[in-house]
>>> print(open('upload_23.tsv').read())   # TSV, C-alpha atoms and all ligand atoms
chain	number	residue	atom	x	y	z
A	1	MET	CA	17.68	-22.33	19.16
A	2	HIS	CA	15.24	-21.80	22.05
A	3	VAL	CA	15.04	-18.13	21.25
A	4	VAL	CA	14.32	-18.87	17.60
A	5	LEU	CA	11.61	-21.37	18.49
A	6	ALA	CA	10.04	-19.08	21.06
A	7	GLN	CA	9.99	-16.13	18.68
A	8	SER	CA	8.55	-18.25	15.94
A	9	THR	CA	5.76	-19.49	18.21
A	10	ILE	CA	4.86	-15.98	19.26
A	11	MET	CA	4.76	-14.87	15.65
A	12	ASP	CA	2.51	-17.73	14.63
A	13	LYS	CA	0.16	-17.05	17.56
A	14	LEU	CA	-0.02	-13.47	16.43
A	15	ALA	CA	-0.76	-14.56	12.91
A	16	SER	CA	-3.38	-17.15	13.77
A	17	GLY	CA	-4.99	-14.69	16.17
A	18	CYS	CA	-5.34	-12.27	13.31
A	19	LEU	CA	-6.84	-14.85	11.03
A	20	ARG	CA	-9.32	-16.10	13.63
A	21	HIS	CA	-10.32	-12.54	14.31
A	22	VAL	CA	-11.14	-12.20	10.63
A	23	GLY	CA	-13.71	-14.91	10.58
A	24	GLY	CA	-15.29	-13.91	13.89
A	25	ALA	CA	-17.93	-11.33	14.58
A	26	SER	CA	-15.47	-8.77	15.83
A	27	SER	CA	-16.54	-5.16	15.70
A	28	SER	CA	-12.95	-4.02	15.20
A	29	PRO	CA	-12.63	-1.40	12.50
A	30	TYR	CA	-10.08	-3.67	10.94
A	31	ALA	CA	-10.50	-7.36	10.35
A	32	ALA	CA	-8.06	-8.99	7.97
A	33	PRO	CA	-9.53	-10.33	4.78
A	34	LEU	CA	-11.58	-13.48	5.00
A	35	GLN	CA	-11.67	-13.59	1.23
A	36	LEU	CA	-7.93	-13.78	1.17
A	37	GLN	CA	-7.97	-16.90	3.27
A	38	ARG	CA	-10.32	-18.40	0.73
A	39	SER	CA	-8.01	-17.25	-1.96
A	40	VAL	CA	-5.02	-18.86	-0.30
A	41	SER	CA	-6.84	-22.14	0.12
A	42	THR	CA	-7.94	-21.95	-3.48
A	43	LEU	CA	-4.35	-21.46	-4.39
A	44	ALA	CA	-3.30	-24.37	-2.24
A	45	ARG	CA	-5.80	-26.64	-3.92
A	46	ALA	CA	-4.55	-25.43	-7.28
A	47	THR	CA	-7.77	-26.51	-8.95
A	48	GLY	CA	-11.07	-25.02	-10.08
A	49	ARG	CA	-12.25	-22.23	-12.31
A	50	SER	CA	-10.92	-19.27	-10.39
A	51	GLN	CA	-7.53	-20.88	-10.02
A	52	ARG	CA	-7.37	-21.55	-13.75
A	53	ARG	CA	-8.38	-17.97	-14.38
A	54	GLY	CA	-5.75	-16.84	-11.92
A	55	LEU	CA	-3.04	-18.76	-13.64
A	56	SER	CA	-3.95	-17.44	-17.04
A	57	VAL	CA	-3.94	-13.88	-15.81
A	58	ALA	CA	-0.72	-14.62	-13.99
A	59	ARG	CA	1.09	-15.25	-17.22
A	60	CYS	CA	0.82	-11.57	-18.01
A	61	VAL	CA	1.19	-10.23	-14.47
A	62	MET	CA	4.29	-8.08	-14.62
A	63	GLY	CA	4.88	-9.07	-18.22
A	64	ALA	CA	4.79	-7.45	-21.64
A	65	ALA	CA	1.19	-8.47	-22.31
A	66	ALA	CA	0.09	-6.49	-19.30
A	67	THR	CA	1.73	-3.33	-20.56
A	68	THR	CA	-0.15	-3.71	-23.84
A	69	GLU	CA	-3.41	-4.16	-21.97
A	70	LEU	CA	-2.83	-1.05	-19.91
A	71	LYS	CA	-1.88	1.01	-22.92
A	72	GLY	CA	-4.91	-0.21	-24.80
A	73	GLY	CA	-7.14	0.83	-21.94
A	74	GLY	CA	-9.88	-1.74	-22.68
A	75	GLY	CA	-11.37	-4.37	-20.45
A	76	GLY	CA	-13.72	-3.95	-17.52
A	77	GLY	CA	-14.35	-0.50	-16.25
A	78	GLY	CA	-14.53	1.82	-19.21
A	79	GLY	CA	-13.46	0.97	-22.77
A	80	SER	CA	-11.80	4.22	-23.86
A	81	PHE	CA	-10.58	5.37	-20.47
A	82	ASP	CA	-7.09	6.89	-20.65
A	83	PHE	CA	-5.60	5.74	-17.38
A	84	GLN	CA	-2.12	7.18	-17.95
A	85	ARG	CA	-3.64	10.61	-18.42
A	86	TYR	CA	-5.84	10.21	-15.35
A	87	LEU	CA	-2.90	9.05	-13.23
A	88	SER	CA	-0.63	11.84	-14.29
A	89	ALA	CA	-3.32	14.52	-13.83
A	90	ARG	CA	-4.33	13.32	-10.35
A	91	ALA	CA	-0.75	12.65	-9.22
A	92	GLY	CA	0.31	16.08	-10.54
A	93	ALA	CA	-2.48	17.83	-8.61
A	94	VAL	CA	-1.50	16.00	-5.43
A	95	HIS	CA	2.15	16.88	-5.96
A	96	ASP	CA	1.28	20.58	-6.25
A	97	ALA	CA	-0.92	20.39	-3.15
A	98	LEU	CA	1.89	18.69	-1.21
A	99	ASP	CA	4.31	21.38	-2.32
A	100	GLN	CA	1.94	23.98	-0.86
A	101	ALA	CA	1.27	22.01	2.31
A	102	LEU	CA	4.87	21.26	3.29
A	103	PRO	CA	6.65	23.78	5.50
A	104	VAL	CA	9.41	26.09	4.29
A	105	GLY	CA	11.82	28.18	6.35
A	106	ILE	CA	12.66	27.54	9.96
A	107	PRO	CA	13.81	25.07	11.16
A	108	GLU	CA	15.48	25.00	7.77
A	109	ARG	CA	17.07	21.57	7.86
A	110	LEU	CA	13.93	19.87	9.16
A	111	CYS	CA	11.76	21.54	6.52
A	112	GLU	CA	14.23	20.64	3.76
A	113	SER	CA	14.36	17.06	4.96
A	114	MET	CA	10.55	16.76	4.90
A	115	ARG	CA	10.31	18.31	1.43
A	116	TYR	CA	13.22	16.23	0.09
A	117	SER	CA	11.48	12.89	0.56
A	118	VAL	CA	7.87	13.85	-0.13
A	119	LEU	CA	8.60	15.84	-3.27
A	120	ALA	CA	11.01	13.18	-4.60
A	121	GLY	CA	7.97	11.65	-6.23
A	122	GLY	CA	7.19	7.98	-6.15
A	123	LYS	CA	4.26	6.43	-7.91
A	124	ARG	CA	1.65	8.27	-5.78
A	125	VAL	CA	-0.52	5.16	-5.69
A	126	ARG	CA	-2.05	5.90	-2.28
A	127	PRO	CA	-3.15	9.49	-2.94
A	128	VAL	CA	-4.53	8.58	-6.36
A	129	LEU	CA	-6.39	5.72	-4.70
A	130	ALA	CA	-7.97	8.21	-2.26
A	131	VAL	CA	-9.01	10.56	-5.05
A	132	ALA	CA	-10.34	7.78	-7.28
A	133	ALA	CA	-12.38	6.28	-4.42
A	134	CYS	CA	-13.85	9.70	-3.68
A	135	GLU	CA	-14.85	10.07	-7.33
A	136	LEU	CA	-16.22	6.52	-7.40
A	137	VAL	CA	-18.87	7.43	-4.84
A	138	GLY	CA	-19.73	10.70	-6.56
A	139	GLY	CA	-17.43	13.14	-4.74
A	140	ALA	CA	-15.31	15.75	-6.51
A	141	ALA	CA	-11.59	15.05	-6.84
A	142	ALA	CA	-10.82	18.27	-4.94
A	143	ALA	CA	-12.74	17.03	-1.89
A	144	ALA	CA	-10.15	14.27	-1.47
A	145	THR	CA	-7.04	16.43	-1.90
A	146	PRO	CA	-6.35	16.95	1.84
A	147	VAL	CA	-6.81	13.21	2.47
A	148	ALA	CA	-4.60	12.39	-0.51
A	149	CYS	CA	-1.84	14.64	0.82
A	150	ALA	CA	-2.18	13.12	4.28
A	151	VAL	CA	-1.80	9.53	3.07
A	152	GLU	CA	1.25	10.44	1.03
A	153	MET	CA	2.80	12.17	4.07
A	154	ILE	CA	2.18	9.09	6.21
A	155	HIS	CA	3.51	6.78	3.52
A	156	THR	CA	6.63	8.90	3.03
A	157	MET	CA	7.33	9.08	6.75
A	158	SER	CA	7.14	5.29	6.88
A	159	LEU	CA	9.68	5.09	4.04
A	160	ILE	CA	12.04	7.53	5.78
A	161	HIS	CA	11.91	5.53	9.02
A	162	ASP	CA	12.07	2.21	7.19
A	163	ASP	CA	15.37	3.19	5.54
A	164	MET	CA	17.08	4.18	8.79
A	165	PRO	CA	19.96	2.11	10.19
A	166	CYS	CA	17.81	0.81	13.08
A	167	MET	CA	15.25	-0.54	10.57
A	168	ASP	CA	16.22	-1.73	7.09
A	169	ASP	CA	19.34	0.42	6.74
A	170	ASP	CA	18.85	1.32	3.11
A	171	GLY	CA	20.75	4.06	1.32
A	172	LEU	CA	18.59	4.41	-1.79
A	173	ARG	CA	14.97	5.54	-2.04
A	174	ARG	CA	12.93	6.96	-4.91
A	175	GLY	CA	16.08	6.92	-7.01
A	176	ARG	CA	18.01	9.18	-4.60
A	177	PRO	CA	20.07	8.78	-1.43
A	178	SER	CA	17.77	8.03	1.50
A	179	ASN	CA	16.75	10.85	3.81
A	180	HIS	CA	19.10	9.94	6.68
A	181	VAL	CA	22.04	9.67	4.27
A	182	VAL	CA	21.52	13.28	3.21
A	183	PHE	CA	20.27	14.88	6.43
A	184	GLY	CA	21.60	12.58	9.15
A	185	GLU	CA	19.74	10.23	11.43
A	186	PHE	CA	18.17	12.53	13.98
A	187	THR	CA	16.87	14.92	11.35
A	188	ALA	CA	15.42	12.06	9.32
A	189	LEU	CA	13.73	10.64	12.40
A	190	LEU	CA	12.22	14.03	13.25
A	191	ALA	CA	11.21	14.71	9.64
A	192	GLY	CA	9.24	11.46	9.74
A	193	ASP	CA	7.64	12.42	13.06
A	194	ALA	CA	6.76	15.89	11.78
A	195	LEU	CA	5.24	14.43	8.60
A	196	LEU	CA	3.02	12.09	10.58
A	197	SER	CA	1.81	14.99	12.68
A	198	LEU	CA	1.36	17.30	9.68
A	199	ALA	CA	-0.71	14.65	7.89
A	200	PHE	CA	-3.48	14.86	10.48
A	201	GLU	CA	-3.25	18.63	10.92
A	202	HIS	CA	-3.39	19.19	7.17
A	203	MET	CA	-6.33	16.85	6.74
A	204	ALA	CA	-8.34	18.43	9.56
A	205	ARG	CA	-7.74	21.98	8.35
A	206	GLY	CA	-8.07	21.17	4.64
A	207	CYS	CA	-11.37	19.32	4.98
A	208	ALA	CA	-12.76	22.15	7.15
A	209	GLU	CA	-11.70	24.75	4.59
A	210	LEU	CA	-13.50	22.80	1.89
A	211	GLY	CA	-16.63	22.81	4.05
A	212	LEU	CA	-16.86	19.03	4.29
A	213	PRO	CA	-19.14	17.70	7.03
A	214	ALA	CA	-17.06	17.36	10.21
A	215	ALA	CA	-18.40	13.84	10.82
A	216	ARG	CA	-16.86	12.64	7.56
A	217	THR	CA	-13.53	14.25	8.38
A	218	LEU	CA	-13.47	12.70	11.85
A	219	ARG	CA	-14.28	9.28	10.44
A	220	ALA	CA	-11.51	9.58	7.87
A	221	VAL	CA	-9.03	10.80	10.51
A	222	ALA	CA	-9.85	7.77	12.67
A	223	GLU	CA	-9.47	5.46	9.68
A	224	LEU	CA	-6.00	6.79	8.84
A	225	GLY	CA	-4.91	6.91	12.47
A	226	SER	CA	-5.81	3.31	13.02
A	227	ALA	CA	-4.11	2.26	9.77
A	228	ALA	CA	-0.82	3.87	10.74
A	229	GLY	CA	-0.59	2.83	14.38
A	230	ALA	CA	-0.30	-0.22	16.60
A	231	GLY	CA	-3.12	-1.98	14.76
A	232	GLY	CA	-1.69	-1.19	11.34
A	233	VAL	CA	1.61	-0.21	9.74
A	234	ALA	CA	3.57	-0.10	13.00
A	235	ALA	CA	2.28	-3.57	13.94
A	236	GLY	CA	3.29	-4.95	10.55
A	237	GLN	CA	6.72	-3.40	10.77
A	238	VAL	CA	7.46	-4.73	14.25
A	239	ALA	CA	6.38	-8.23	13.17
A	240	ASP	CA	8.48	-7.92	10.04
A	241	LYS	CA	11.60	-6.96	11.97
A	242	ALA	CA	11.02	-9.68	14.57
A	243	SER	CA	10.66	-12.30	11.84
A	244	GLU	CA	14.01	-11.70	10.19
A	245	GLY	CA	16.17	-14.80	10.09
A	246	ILE	CA	13.55	-17.15	11.56
A	247	PRO	CA	11.11	-19.51	9.83
A	248	VAL	CA	7.88	-17.69	8.96
A	249	SER	CA	4.56	-19.36	8.15
A	250	PHE	CA	2.32	-18.21	5.33
A	251	ALA	CA	-0.19	-16.92	7.91
A	252	MET	CA	2.52	-14.81	9.50
A	253	LEU	CA	3.64	-13.46	6.17
A	254	GLU	CA	0.05	-12.40	5.49
A	255	TYR	CA	-0.19	-10.79	8.91
A	256	ILE	CA	2.94	-8.75	8.24
A	257	HIS	CA	1.86	-7.50	4.84
A	258	VAL	CA	-1.81	-6.98	5.62
A	259	HIS	CA	-0.62	-4.59	8.33
A	260	LYS	CA	2.61	-3.16	6.98
A	261	THR	CA	1.47	-2.52	3.43
A	262	ALA	CA	-2.19	-3.31	2.73
A	263	ARG	CA	-3.66	-1.45	5.67
A	264	LEU	CA	-2.50	1.99	4.51
A	265	LEU	CA	-3.62	1.35	0.93
A	266	GLU	CA	-6.98	0.25	2.30
A	267	ALA	CA	-7.28	3.32	4.51
A	268	SER	CA	-6.34	5.60	1.60
A	269	ALA	CA	-9.22	4.32	-0.49
A	270	VAL	CA	-11.67	4.13	2.41
A	271	SER	CA	-10.87	7.69	3.56
A	272	GLY	CA	-11.39	8.92	0.00
A	273	ALA	CA	-14.79	7.21	-0.14
A	274	ILE	CA	-15.71	8.64	3.27
A	275	VAL	CA	-14.95	12.27	2.37
A	276	GLY	CA	-16.65	11.71	-0.99
A	277	GLY	CA	-19.88	10.95	0.87
A	278	GLY	CA	-20.12	7.21	0.11
A	279	THR	CA	-22.79	5.12	1.80
A	280	ASP	CA	-21.68	2.53	4.36
A	281	ALA	CA	-22.23	-0.24	1.80
A	282	GLU	CA	-20.12	1.61	-0.78
A	283	ILE	CA	-17.37	2.28	1.75
A	284	GLU	CA	-17.22	-1.40	2.73
A	285	SER	CA	-17.05	-2.42	-0.91
A	286	VAL	CA	-14.19	0.01	-1.43
A	287	ARG	CA	-12.52	-1.48	1.65
A	288	ARG	CA	-12.68	-5.00	0.24
A	289	TYR	CA	-11.38	-3.81	-3.12
A	290	ALA	CA	-8.51	-1.98	-1.44
A	291	ARG	CA	-7.58	-4.89	0.84
A	292	SER	CA	-7.11	-7.04	-2.20
A	293	ILE	CA	-5.01	-4.52	-4.05
A	294	GLY	CA	-3.08	-3.78	-0.85
A	295	LEU	CA	-1.88	-7.35	-0.63
A	296	LEU	CA	-1.51	-7.53	-4.39
A	297	PHE	CA	0.81	-4.54	-4.12
A	298	GLN	CA	3.08	-6.41	-1.72
A	299	VAL	CA	3.07	-9.69	-3.63
A	300	VAL	CA	4.12	-7.79	-6.77
A	301	ASP	CA	6.69	-5.83	-4.76
A	302	ASP	CA	8.25	-9.07	-3.54
A	303	VAL	CA	8.36	-10.53	-7.04
A	304	LEU	CA	9.91	-7.36	-8.47
A	305	ASP	CA	12.46	-7.38	-5.65
A	306	THR	CA	13.72	-10.72	-6.91
A	307	THR	CA	13.47	-9.99	-10.65
A	308	CYS	CA	14.53	-6.33	-11.09
A	309	THR	CA	17.71	-4.31	-10.60
A	310	SER	CA	18.16	-1.46	-8.10
A	311	GLU	CA	18.32	0.94	-11.03
A	312	GLN	CA	14.96	-0.23	-12.32
A	313	LEU	CA	13.36	-0.05	-8.88
A	314	GLY	CA	14.91	3.21	-7.61
A	315	LYS	CA	15.58	1.36	-4.35
A	316	THR	CA	17.95	-1.42	-3.40
A	317	ALA	CA	16.88	-4.68	-5.04
A	318	GLY	CA	17.27	-8.03	-3.29
A	319	LYS	CA	17.30	-6.52	0.22
A	320	ASP	CA	14.70	-8.92	1.58
A	321	VAL	CA	16.67	-11.96	0.51
A	322	GLU	CA	19.83	-10.40	1.96
A	323	ALA	CA	18.08	-9.75	5.30
A	324	ASP	CA	16.73	-13.31	5.27
A	325	LYS	CA	13.14	-12.05	5.28
A	326	ALA	CA	10.17	-14.14	4.31
A	327	THR	CA	8.67	-13.09	0.99
A	328	TYR	CA	5.91	-14.45	-1.24
A	329	PRO	CA	8.34	-15.82	-3.84
A	330	LYS	CA	10.36	-17.44	-1.03
A	331	LEU	CA	7.31	-19.16	0.49
A	332	LEU	CA	5.33	-19.88	-2.67
A	333	GLY	CA	7.87	-19.73	-5.49
A	334	VAL	CA	7.69	-17.03	-8.17
A	335	ASP	CA	5.03	-18.76	-10.30
A	336	ARG	CA	2.60	-19.35	-7.44
A	337	ALA	CA	3.24	-15.84	-6.12
A	338	ARG	CA	2.23	-14.55	-9.54
A	339	ALA	CA	-0.86	-16.78	-9.53
A	340	TYR	CA	-1.78	-15.39	-6.12
A	341	ALA	CA	-1.34	-11.86	-7.47
A	342	ALA	CA	-3.71	-12.70	-10.30
A	343	GLU	CA	-6.32	-13.97	-7.84
A	344	LEU	CA	-6.08	-10.83	-5.78
A	345	LEU	CA	-6.52	-8.74	-8.90
A	346	ALA	CA	-9.63	-10.71	-9.86
A	347	MET	CA	-11.06	-10.23	-6.35
A	348	ALA	CA	-10.44	-6.49	-6.49
A	349	GLU	CA	-12.08	-6.20	-9.89
A	350	ALA	CA	-15.10	-8.18	-8.71
A	351	GLU	CA	-15.72	-5.64	-5.92
A	352	LEU	CA	-16.12	-2.88	-8.50
A	353	GLU	CA	-18.83	-4.66	-10.43
A	354	GLY	CA	-21.61	-3.09	-8.39
A	355	PHE	CA	-20.54	0.45	-9.29
A	356	ASP	CA	-21.15	2.56	-12.35
A	357	ALA	CA	-18.56	1.37	-14.91
A	358	GLU	CA	-17.38	4.83	-15.90
A	359	ARG	CA	-16.83	5.92	-12.32
A	360	ALA	CA	-15.14	2.61	-11.51
A	361	ALA	CA	-12.73	2.78	-14.45
A	362	PRO	CA	-9.90	4.59	-12.58
A	363	LEU	CA	-9.91	2.05	-9.71
A	364	CYS	CA	-10.18	-0.83	-12.14
A	365	HIS	CA	-7.14	0.41	-14.06
A	366	LEU	CA	-5.30	1.28	-10.87
A	367	ALA	CA	-5.61	-2.35	-9.74
A	368	ARG	CA	-4.10	-3.47	-13.03
A	369	PHE	CA	-1.41	-0.82	-12.80
A	370	ILE	CA	-0.43	-2.27	-9.43
A	371	ALA	CA	-0.49	-5.82	-10.77
A	372	TYR	CA	1.46	-5.11	-13.91
A	373	ARG	CA	3.90	-2.47	-12.74
A	374	GLN	CA	7.52	-2.92	-13.62
A	375	HIS	CA	9.01	-0.99	-10.68
B	1	LIG	C1	3.37	4.80	10.04
B	1	LIG	C2	3.43	5.17	12.53
B	1	LIG	C3	4.09	4.64	11.34
B	1	LIG	C4	5.30	4.04	11.48
B	1	LIG	C5	6.12	3.51	10.36
B	1	LIG	C6	8.97	2.15	9.36
B	1	LIG	C7	7.56	1.74	9.49
B	1	LIG	C8	6.78	2.21	10.70
B	1	LIG	C9	6.93	0.98	8.57
B	1	LIG	C10	7.49	0.56	7.27
B	1	LIG	C11	6.38	0.47	6.28
B	1	LIG	C12	6.85	0.17	4.90
B	1	LIG	C13	8.02	0.91	4.36
B	1	LIG	C14	6.19	-0.72	4.18
B	1	LIG	C15	6.51	-1.07	2.79
B	1	LIG	C16	5.41	-0.61	1.91
B	1	LIG	C17	5.86	-0.52	0.49
B	1	LIG	C18	5.63	-1.70	-0.38
B	1	LIG	C19	6.45	0.60	0.08
B	1	LIG	C20	6.79	0.92	-1.30
B	1	LIG	O1	5.71	1.71	-1.78
B	1	LIG	P1	5.70	2.32	-3.23
B	1	LIG	O2	6.28	1.33	-4.20
B	1	LIG	O3	6.75	3.50	-3.07
B	1	LIG	O4	4.36	2.86	-3.51
B	1	LIG	P2	6.77	4.89	-3.85
B	1	LIG	O5	8.18	5.39	-3.65
B	1	LIG	O6	6.45	4.63	-5.29
B	1	LIG	O7	5.77	5.77	-3.17
>>> encode(input="upload_23.tsv", output="structure tokens", more="lines below")
Ligand code: GRG
Amino acid sequence: MHVVLAQSTIMDKLASGCLRHVGGASSSPYAAPLQLQRSVSTLARATGRSQRRGLSVARCVMGAAATTELKGGGGGGGGSFDFQRYLSARAGAVHDALDQALPVGIPERLCESMRYSVLAGGKRVRPVLAVAACELVGGAAAAATPVACAVEMIHTMSLIHDDMPCMDDDGLRRGRPSNHVVFGEFTALLAGDALLSLAFEHMARGCAELGLPAARTLRAVAELGSAAGAGGVAAGQVADKASEGIPVSFAMLEYIHVHKTARLLEASAVSGAIVGGGTDAEIESVRRYARSIGLLFQVVDDVLDTTCTSEQLGKTAGKDVEADKATYPKLLGVDRARAYAAELLAMAEAELEGFDAERAAPLCHLARFIAYRQH
């Protein structure tokens, strides 16, 4: 009992520290989203225009109406834009670049293990986010390819480690047996380590080969490094593991997911905008957009985890409930989690309003894709 209480207190301190930090004048490269706090309080009040809008959008979040909207293409950000075509073209290009970038040969098992998980696919949301953000600020898609590969390598290494017995102990990933199930634990661990290292090497070399200004590359490297490490994904994961089986506040839940999930999505978009040559104001706008969709991604993930089968998801469904983890549906209920998702989507879309509509169309549709995805 004492242990539970003590752990819970530490977690809440961590969470409230993060939220205070947000509102303050910190110069940290990462401050968690102030807007999201407003959004949460809006949600709590459950009144007002934006809440009503949120609820109406929420009805179609992850529902049939959303699929129609996506297929139809319309709405803000480019009337006739064919998002499915854009997604498959950009994801395909990144897949080919990853295939080229990943090692073959010796050590054979390590190389196979790295290729197995990265080339297994996945939705490729993070690399497409990097490319689309680069294009948003006027860069060419090709300029973001090394960054796109790097974020997918980092993401995939986090999935490999997340599935290991010492973490979430999951045997299914991207519709196939998890890496450690096929290659064994020590190889999976090392494949993840090697992918993390390769991400930065590949990005540094690739950006140099493209002749990008070194200052942009360095800034993007720092952005990704900080997103992955002790101020980002690793921090979120350690808080997530420590919170299993104990009561978790909403602030703590936000801390976990801002770091574990949103931070890498944010860094993907921001790095794309950096290598694309965005101004500081554009980059910060992209950051706010991506923070919103980063959290949106997790809220939707939690809802899908409770409403879909393992077959539909390509990973084990219901694991969070089984591990007694806090989730948005658990803390808010499914309907309010959906309303929150709708608010986050509206906030992301609002950030794109200052950009050219045609250039913003991919990111606008990507936000909806994340909100309305079915797996
Ligand atoms: C990055 C240094 C470093 C350490 C990793 C294990 C760990 C520490 C973190 C776990 C991070 C994690 C797995 C977060 C969950 C994020 C999430 C919602 C993943 C699912 O992403 P999708 O749906 O997956 O985009 P696909 O397979 O489609 O790419």
>>> residues_near_ligand(input="upload_23.tsv", ligand="ligand LIG 1 (chain B)", cutoff="6 Å", atoms="only C-alpha atoms and all ligand atoms", output="count of residues only")
18
>>> closest_residue(input="upload_23.tsv", among="A:Ala140, A:Val151, A:Val248, A:Gly231", to="Phe200 in chain A", atoms="only C-alpha atoms")
A:Val151
>>> closest_residue(input="upload_23.tsv", among="A:Pro103, A:Gly232, A:Gly138, A:Pro165", to="Leu198 in chain A", atoms="all atoms listed in the file")
A:Pro103
>>> residues_around(input="upload_23.tsv", residues="Cys166 in chain A", least_positions_apart="2", cutoff="12 Å", atoms="only C-alpha atoms", output="NGL selection string")
:A and (160-164 or 168-170 or 180 or 185-186 or 189 or 238 or 241)
>>> closest_residue(input="upload_23.tsv", among="A:Ala367, A:Ala130, A:Cys207, A:Met157", to="Ser178 in chain A", atoms="only C-alpha atoms")
A:Met157
